[in-house]
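Next comes protein.txt, with compact mmCIF, C-alpha atoms.
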# COMPACT_ATOMS: atom_id res chain seq x y z
CA MET A 157 22.39 29.80 -77.56
CA ALA A 158 24.53 27.80 -75.11
CA ARG A 159 22.16 24.86 -74.81
CA PRO A 160 23.00 23.12 -78.14
CA TRP A 161 26.71 23.28 -77.25
CA ASN A 162 26.05 21.78 -73.84
CA MET A 163 24.00 18.98 -75.36
CA LYS A 164 26.76 18.22 -77.84
CA LYS A 165 29.33 18.25 -75.05
CA MET A 166 27.19 15.90 -72.95
CA LYS A 167 26.73 13.48 -75.86
CA ARG A 168 30.47 13.54 -76.54
CA GLN A 169 31.24 12.76 -72.89
CA ILE A 170 28.76 9.87 -72.97
CA ARG A 171 30.40 8.47 -76.10
CA GLU A 172 33.88 8.83 -74.58
CA SER A 173 32.71 7.17 -71.36
CA SER A 174 31.20 4.26 -73.31
CA ARG A 175 34.43 3.77 -75.25
CA ASN A 176 36.42 3.87 -72.02
CA LYS A 177 34.27 1.19 -70.46
CA SER A 178 34.42 -0.96 -73.57
CA ARG A 179 38.23 -0.78 -73.63
CA GLY A 180 38.45 -1.32 -69.88
CA GLY A 181 36.15 -4.33 -69.98
CA ALA A 182 38.13 -5.88 -72.83
CA PHE A 183 41.42 -5.33 -71.01
CA TRP A 184 40.22 -6.88 -67.77
CA ASN A 185 38.57 -9.83 -69.52
CA LYS A 186 41.89 -10.59 -71.20
CA GLU A 187 43.81 -10.01 -67.97
CA TYR A 188 41.64 -12.40 -65.94
CA LYS A 189 42.17 -15.01 -68.64
CA ASN A 190 45.91 -14.60 -69.25
CA LYS A 191 47.36 -12.40 -66.46
CA GLU A 192 49.77 -10.59 -68.78
CA HIS A 193 50.28 -7.26 -66.99
CA ILE A 194 49.00 -7.49 -63.42
CA THR A 195 49.40 -10.08 -60.67
CA LEU A 196 45.90 -11.07 -59.58
CA SER A 197 45.73 -12.53 -56.09
CA SER A 198 43.07 -14.70 -54.50
CA ASN A 199 44.03 -13.42 -51.04
CA PRO A 200 42.12 -10.51 -49.48
CA SER A 201 43.61 -7.04 -49.62
CA GLU A 202 45.86 -6.41 -46.63
CA ASP A 203 44.33 -2.94 -46.34
CA LEU A 204 40.83 -4.42 -46.06
CA VAL A 205 42.03 -6.87 -43.39
CA LYS A 206 43.46 -3.91 -41.45
CA PHE A 207 40.11 -2.13 -41.77
CA THR A 208 38.20 -5.13 -40.36
CA ARG A 209 40.63 -5.36 -37.44
CA TRP A 210 40.09 -1.68 -36.72
CA LEU A 211 36.30 -2.09 -36.91
CA SER A 212 36.48 -5.05 -34.53
CA ARG A 213 38.60 -3.13 -32.03
CA GLN A 214 36.33 -0.09 -32.15
CA TYR A 215 32.88 -1.72 -32.33
CA GLY A 216 33.24 -5.44 -31.63
CA GLY A 217 31.08 -7.44 -34.02
CA LYS A 218 28.51 -4.71 -34.63
CA TYR A 219 29.51 -4.19 -38.28
CA LEU A 220 30.98 -7.63 -39.00
CA ASN A 221 28.46 -10.43 -38.58
CA LYS A 222 25.91 -12.59 -40.42
CA THR A 223 23.35 -9.78 -40.62
CA ILE A 224 25.72 -7.49 -42.54
CA SER A 225 25.30 -6.98 -46.29
CA VAL A 226 28.25 -5.67 -48.30
CA LEU A 227 28.50 -4.12 -51.77
CA ASP A 228 31.87 -4.47 -53.52
CA LEU A 229 32.32 -2.07 -56.44
CA GLY A 230 34.89 -3.53 -58.81
CA CYS A 231 34.90 -6.90 -57.03
CA GLY A 232 37.30 -8.64 -59.41
CA ASN A 233 37.55 -12.35 -58.56
CA GLY A 234 35.58 -11.79 -55.35
CA ARG A 235 38.54 -12.19 -53.00
CA ASN A 236 37.49 -9.43 -50.59
CA LEU A 237 33.85 -10.46 -50.38
CA ILE A 238 34.95 -14.06 -49.91
CA TYR A 239 37.12 -12.99 -46.98
CA LEU A 240 34.24 -11.10 -45.34
CA ALA A 241 31.88 -14.05 -45.86
CA GLN A 242 34.31 -16.67 -44.57
CA GLN A 243 35.64 -14.68 -41.61
CA PHE A 244 32.47 -12.96 -40.42
CA GLY A 245 29.54 -14.58 -42.23
CA CYS A 246 28.71 -11.38 -44.14
CA ARG A 247 26.41 -11.49 -47.17
CA GLY A 248 27.30 -9.51 -50.25
CA VAL A 249 27.02 -8.56 -53.89
CA GLY A 250 29.88 -7.67 -56.20
CA PHE A 251 29.84 -5.61 -59.39
CA ASP A 252 32.59 -5.74 -61.99
CA ILE A 253 32.96 -4.60 -65.60
CA SER A 254 34.66 -7.89 -66.53
CA HIS A 255 32.51 -10.96 -67.12
CA GLU A 256 35.64 -13.11 -66.73
CA ALA A 257 36.14 -11.65 -63.24
CA THR A 258 32.57 -12.23 -62.10
CA ALA A 259 32.64 -15.76 -63.53
CA GLN A 260 35.76 -16.53 -61.50
CA ALA A 261 34.22 -14.91 -58.43
CA SER A 262 31.10 -17.06 -58.74
CA ARG A 263 33.17 -20.23 -58.97
CA LEU A 264 35.30 -19.28 -55.97
CA SER A 265 32.25 -18.29 -53.91
CA LYS A 266 30.43 -21.61 -54.11
CA ASP A 267 28.26 -22.19 -51.02
CA LEU A 268 28.85 -18.62 -49.75
CA PRO A 269 26.05 -16.00 -49.46
CA LEU A 270 27.51 -13.91 -52.29
CA GLU A 271 26.23 -12.79 -55.68
CA TYR A 272 27.95 -11.11 -58.62
CA GLU A 273 26.85 -9.01 -61.55
CA THR A 274 28.77 -7.87 -64.63
CA CYS A 275 28.05 -4.17 -64.97
CA THR A 276 29.53 -0.70 -64.89
CA ILE A 277 29.49 1.39 -61.71
CA ALA A 278 28.83 4.57 -63.70
CA GLY A 279 25.22 5.55 -63.08
CA PRO A 280 22.55 4.42 -60.62
CA ILE A 281 23.32 1.43 -58.40
CA PRO A 282 20.55 -1.17 -58.81
CA LEU A 283 20.02 -1.70 -55.07
CA PRO A 284 17.37 -0.40 -52.63
CA ASP A 285 17.88 2.57 -50.34
CA GLN A 286 19.73 1.83 -47.08
CA SER A 287 20.14 -1.83 -47.99
CA ARG A 288 23.88 -2.18 -47.25
CA THR A 289 25.96 -1.87 -44.11
CA MET A 290 29.29 -1.65 -45.94
CA VAL A 291 30.49 -0.59 -49.39
CA LEU A 292 33.94 -1.30 -50.78
CA ASP A 293 35.36 1.05 -53.39
CA MET A 294 38.88 -0.24 -53.79
CA MET A 295 40.89 1.05 -56.75
CA THR A 296 37.71 1.30 -58.82
CA SER A 297 36.00 4.70 -58.98
CA HIS A 298 39.22 6.36 -60.14
CA PHE A 299 38.37 4.97 -63.61
CA LEU A 300 35.32 7.26 -63.73
CA LYS A 301 35.02 10.82 -64.99
CA GLU A 302 34.41 13.60 -62.46
CA ALA A 303 30.65 13.79 -63.09
CA GLU A 304 30.37 10.00 -62.80
CA ARG A 305 32.30 10.00 -59.53
CA LYS A 306 29.88 12.56 -58.09
CA VAL A 307 26.91 10.39 -59.05
CA LEU A 308 28.60 7.30 -57.61
CA ILE A 309 29.33 8.81 -54.20
CA SER A 310 25.72 9.96 -53.87
CA GLU A 311 24.55 6.46 -54.85
CA ILE A 312 26.88 4.85 -52.32
CA ALA A 313 25.41 7.10 -49.62
CA ARG A 314 21.90 6.22 -50.77
CA VAL A 315 22.33 2.44 -50.54
CA LEU A 316 24.15 2.59 -47.19
CA ARG A 317 22.12 2.37 -44.04
CA PRO A 318 22.51 5.17 -41.47
CA ASP A 319 25.93 4.71 -39.77
CA GLY A 320 27.09 2.37 -42.60
CA TRP A 321 30.70 2.23 -43.71
CA LEU A 322 32.59 3.01 -46.89
CA PHE A 323 36.06 1.50 -47.24
CA PHE A 324 37.69 3.65 -49.91
CA LYS A 325 41.09 2.90 -51.41
CA THR A 326 42.63 4.76 -54.32
CA PHE A 327 45.82 6.23 -55.74
CA LEU A 328 47.28 9.21 -53.89
CA ARG A 329 48.80 12.01 -55.97
CA ASP A 330 50.63 13.79 -53.15
CA GLU A 331 54.41 13.23 -53.47
CA ASP A 332 53.93 10.50 -56.12
CA GLN A 333 56.45 11.07 -58.89
CA HIS A 334 54.90 8.33 -61.04
CA ALA A 335 51.53 10.08 -60.91
CA GLU A 336 53.02 13.42 -61.91
CA ARG A 337 54.80 11.83 -64.85
CA LEU A 338 51.63 10.13 -66.06
CA LEU A 339 49.67 13.38 -65.77
CA ARG A 340 52.37 15.19 -67.69
CA GLU A 341 52.92 12.61 -70.43
CA HIS A 342 49.40 11.19 -70.87
CA PRO A 343 46.88 13.97 -70.05
CA ALA A 344 43.21 13.01 -70.17
CA GLY A 345 41.74 16.51 -70.48
CA GLU A 346 40.53 16.55 -66.87
CA GLU A 347 42.48 17.91 -63.91
CA GLY A 348 44.17 15.08 -62.04
CA SER A 349 43.44 12.47 -64.72
CA TYR A 350 45.60 10.74 -67.32
CA ILE A 351 45.15 8.07 -69.98
CA HIS A 352 46.54 4.82 -68.62
CA PRO A 353 49.33 3.82 -71.04
CA VAL A 354 48.54 0.09 -70.80
CA ILE A 355 44.76 -0.06 -70.38
CA GLY A 356 44.07 2.96 -72.60
CA VAL A 357 41.36 4.44 -70.37
CA SER A 358 41.11 7.56 -68.26
CA GLU A 359 42.34 7.15 -64.66
CA HIS A 360 42.10 9.73 -61.88
CA VAL A 361 44.59 10.26 -59.07
CA PHE A 362 43.35 12.03 -55.93
CA THR A 363 45.06 14.46 -53.60
CA GLU A 364 44.29 13.97 -49.91
CA LYS A 365 42.39 17.27 -49.86
CA GLU A 366 40.34 16.17 -52.87
CA ILE A 367 39.38 12.97 -51.07
CA TYR A 368 38.10 14.93 -48.08
CA ASP A 369 36.09 17.16 -50.43
CA PHE A 370 34.82 14.15 -52.40
CA LEU A 371 33.57 12.25 -49.36
CA GLY A 372 32.78 15.12 -47.03
CA GLU A 373 29.17 15.80 -48.03
CA TYR A 374 28.00 12.34 -47.02
CA PHE A 375 30.70 10.83 -44.81
CA THR A 376 32.73 11.35 -41.67
CA ILE A 377 36.31 10.20 -42.13
CA HIS A 378 37.53 8.36 -39.04
CA LYS A 379 40.94 7.18 -40.19
CA ILE A 380 43.28 7.25 -43.18
CA ASN A 381 46.31 5.12 -44.00
CA LYS A 382 48.80 6.30 -46.62
CA SER A 383 51.50 4.21 -48.25
CA HIS A 384 55.02 5.59 -47.91
CA ARG A 385 57.31 3.35 -49.96
CA HIS A 386 56.94 5.47 -53.10
CA THR A 387 60.58 6.42 -53.65
CA ARG A 388 63.91 4.62 -53.53
CA ASP A 389 67.21 6.52 -53.52
CA GLY A 390 65.24 9.67 -54.32
CA LYS A 391 63.66 8.19 -57.45
CA ALA A 392 60.08 7.12 -58.20
CA TRP A 393 59.49 3.53 -57.11
CA LYS A 394 56.00 2.41 -56.09
CA ARG A 395 52.69 4.18 -56.66
CA ARG A 396 51.21 5.84 -53.58
CA SER A 397 47.85 4.73 -52.29
CA ILE A 398 45.51 5.85 -49.54
CA SER A 399 42.87 3.90 -47.59
CA VAL A 400 39.99 5.76 -45.95
CA TYR A 401 37.60 4.56 -43.23
CA ALA A 402 34.45 6.63 -43.77
CA GLN A 403 31.11 6.40 -41.99
CA LYS A 404 27.84 7.72 -43.38
CA LYS A 405 26.73 10.86 -41.62
CA ASP A 406 23.53 11.00 -39.62
CA ALA A 407 20.94 12.59 -41.91
CA GLY A 408 19.44 14.35 -38.91
Show how you would write the structure in this file as structure tokens.
Amino acid sequence: MARPWNMKKMKRQIRESSRNKSRGGAFWNKEYKNKEHITLSSNPSEDLVKFTRWLSRQYGGKYLNKTISVLDLGCGNGRNLIYLAQQFGCRGVGFDISHEATAQASRLSKDLPLEYETCTIAGPIPLPDQSRTMVLDMMTSHFLKEAERKVLISEIARVLRPDGWLFFKTFLRDEDQHAERLLREHPAGEEGSYIHPVIGVSEHVFTEKEIYDFLGEYFTIHKINKSHRHTRDGKAWKRRSISVYAQKKDAG
């Protein structure tokens, strides 16, 4: 008797997910055209630059060279892939839900070994097994529902070669007063998720423990960096974020 209810629930979740992605894509298309709400930089993320410095100190050029292929999930205007290509000669592909973003990325990446595709990251990744050395998930998968995030992390592990790297950056819930207010005032019907008041889509905020649980099946976490400037004079100021350096576990 439970099966019809489960099927209805699944169909409802699929419809909600499709509406979320439609709204999100429309928002980001408009944002990349007009830049009304968010400052969009063409410089690489400082956190990614720190990650590459750490990789270089630990492993030399083993994971940063012309043989390396990178996947950037939620690539935006391509700024992080462009940095990796220009600094280290890496090849790469970027996925983004906004066609305006991927169009800008393509223009900015002229003569670089980079490709872009407008698509969602919910569902299978259209890349071969063990075809990437590095995957970037930077402020992207938190837009997915829990079930979609579980699929994504298994897909990231699938496309990464043995010993490949995931650079994961997301919002951190721990001690973030902004996050608690959003969860309280704009609940999304899923623990740790709220409806973004500007974009109008579901957004998840992770605890540190949740991140370890989320990545732990497939990855060894070598290092984390947490932002600390989240309060001023005891009041909420900036959102907290966390960056994670995670390496795919040896399947053996």
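If you measure from each of A:Lys266, A:Arg305, A:Arg395, A:Arg213 to Arg337 in chain A using all atoms listed in the file, the closest one turns out to be A:Arg395.
Atom to atom, CA of Gly279 in chain A and CA of Ala259 in chain A stand 22.6 Å apart.
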Got a sec: who's within 9 Å of range 320-328 of chain A, counting only C-alpha atoms, leaving out chain neighbours fewer than 5 positions off, as a PDB file with C-alpha atoms, in the coordinates of the input?
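Output file around_19.pdb is given in full below:
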ATOM      1  CA  ASP A 203      44.330  -2.940 -46.340  1.00  0.00           C
ATOM      2  CA  LEU A 204      40.830  -4.420 -46.060  1.00  0.00           C
ATOM      3  CA  PHE A 207      40.110  -2.130 -41.770  1.00  0.00           C
ATOM      4  CA  TYR A 219      29.510  -4.190 -38.280  1.00  0.00           C
ATOM      5  CA  GLN A 286      19.730   1.830 -47.080  1.00  0.00           C
ATOM      6  CA  ARG A 288      23.880  -2.180 -47.250  1.00  0.00           C
ATOM      7  CA  THR A 289      25.960  -1.870 -44.110  1.00  0.00           C
ATOM      8  CA  MET A 290      29.290  -1.650 -45.940  1.00  0.00           C
ATOM      9  CA  VAL A 291      30.490  -0.590 -49.390  1.00  0.00           C
ATOM     10  CA  LEU A 292      33.940  -1.300 -50.780  1.00  0.00           C
ATOM     11  CA  ASP A 293      35.360   1.050 -53.390  1.00  0.00           C
ATOM     12  CA  MET A 294      38.880  -0.240 -53.790  1.00  0.00           C
ATOM     13  CA  MET A 295      40.890   1.050 -56.750  1.00  0.00           C
ATOM     14  CA  THR A 296      37.710   1.300 -58.820  1.00  0.00           C
ATOM     15  CA  SER A 297      36.000   4.700 -58.980  1.00  0.00           C
ATOM     16  CA  HIS A 298      39.220   6.360 -60.140  1.00  0.00           C
ATOM     17  CA  ILE A 312      26.880   4.850 -52.320  1.00  0.00           C
ATOM     18  CA  ALA A 313      25.410   7.100 -49.620  1.00  0.00           C
ATOM     19  CA  ALA A 335      51.530  10.080 -60.910  1.00  0.00           C
ATOM     20  CA  HIS A 360      42.100   9.730 -61.880  1.00  0.00           C
ATOM     21  CA  VAL A 361      44.590  10.260 -59.070  1.00  0.00           C
ATOM     22  CA  PHE A 362      43.350  12.030 -55.930  1.00  0.00           C
ATOM     23  CA  THR A 363      45.060  14.460 -53.600  1.00  0.00           C
ATOM     24  CA  GLU A 364      44.290  13.970 -49.910  1.00  0.00           C
ATOM     25  CA  PHE A 375      30.700  10.830 -44.810  1.00  0.00           C
ATOM     26  CA  LYS A 382      48.800   6.300 -46.620  1.00  0.00           C
ATOM     27  CA  SER A 383      51.500   4.210 -48.250  1.00  0.00           C
ATOM     28  CA  ARG A 395      52.690   4.180 -56.660  1.00  0.00           C
ATOM     29  CA  ARG A 396      51.210   5.840 -53.580  1.00  0.00           C
ATOM     30  CA  SER A 397      47.850   4.730 -52.290  1.00  0.00           C
ATOM     31  CA  ILE A 398      45.510   5.850 -49.540  1.00  0.00           C
ATOM     32  CA  SER A 399      42.870   3.900 -47.590  1.00  0.00           C
ATOM     33  CA  VAL A 400      39.990   5.760 -45.950  1.00  0.00           C
ATOM     34  CA  TYR A 401      37.600   4.560 -43.230  1.00  0.00           C
ATOM     35  CA  ALA A 402      34.450   6.630 -43.770  1.00  0.00           C
ATOM     36  CA  GLN A 403      31.110   6.400 -41.990  1.00  0.00           C
ATOM     37  CA  LYS A 404      27.840   7.720 -43.380  1.00  0.00           C
ATOM     38  CA  LYS A 405      26.730  10.860 -41.620  1.00  0.00           C
TER      39      LYS A 405
END
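Remark: for Ile380 in chain A, the closest of the candidate residues A:His334, A:Ile367, A:Glu346, A:Asn199 is A:Ile367 (distances computed over only C-alpha atoms).
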- Query: CA of Asp285 in chain A to CA of Glu311 in chain A: how many Å, to one decimal?
  - Reply: 8.9 Å
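Shortest atom-to-atom contact with Arg314 in chain A among A:Tyr374, A:Glu302, A:Asp330, A:Gln260: A:Tyr374, counting only C-alpha atoms.
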- Counting only C-alpha atoms, what is within 9 Å of range 338-340 of chain A, bar same-chain residues fewer than 6 positions away, as a PyMOL selection string? chain A and resi 347-353+361
- Using all atoms listed in the file, which of A:Lys222, A:His342, A:Lys206, A:Arg263 sits nearest Arg247 in chain A? A:Lys222
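Minimum distance to Thr223 in chain A across A:Ile253, A:Glu271, A:Gly245, A:Gly372 (counting all atoms listed in the file) occurs at A:Gly245.
Our summary of the geometry notes that CA of Pro343 in chain A is positioned 20.3 Å from CA of Lys394 in chain A.
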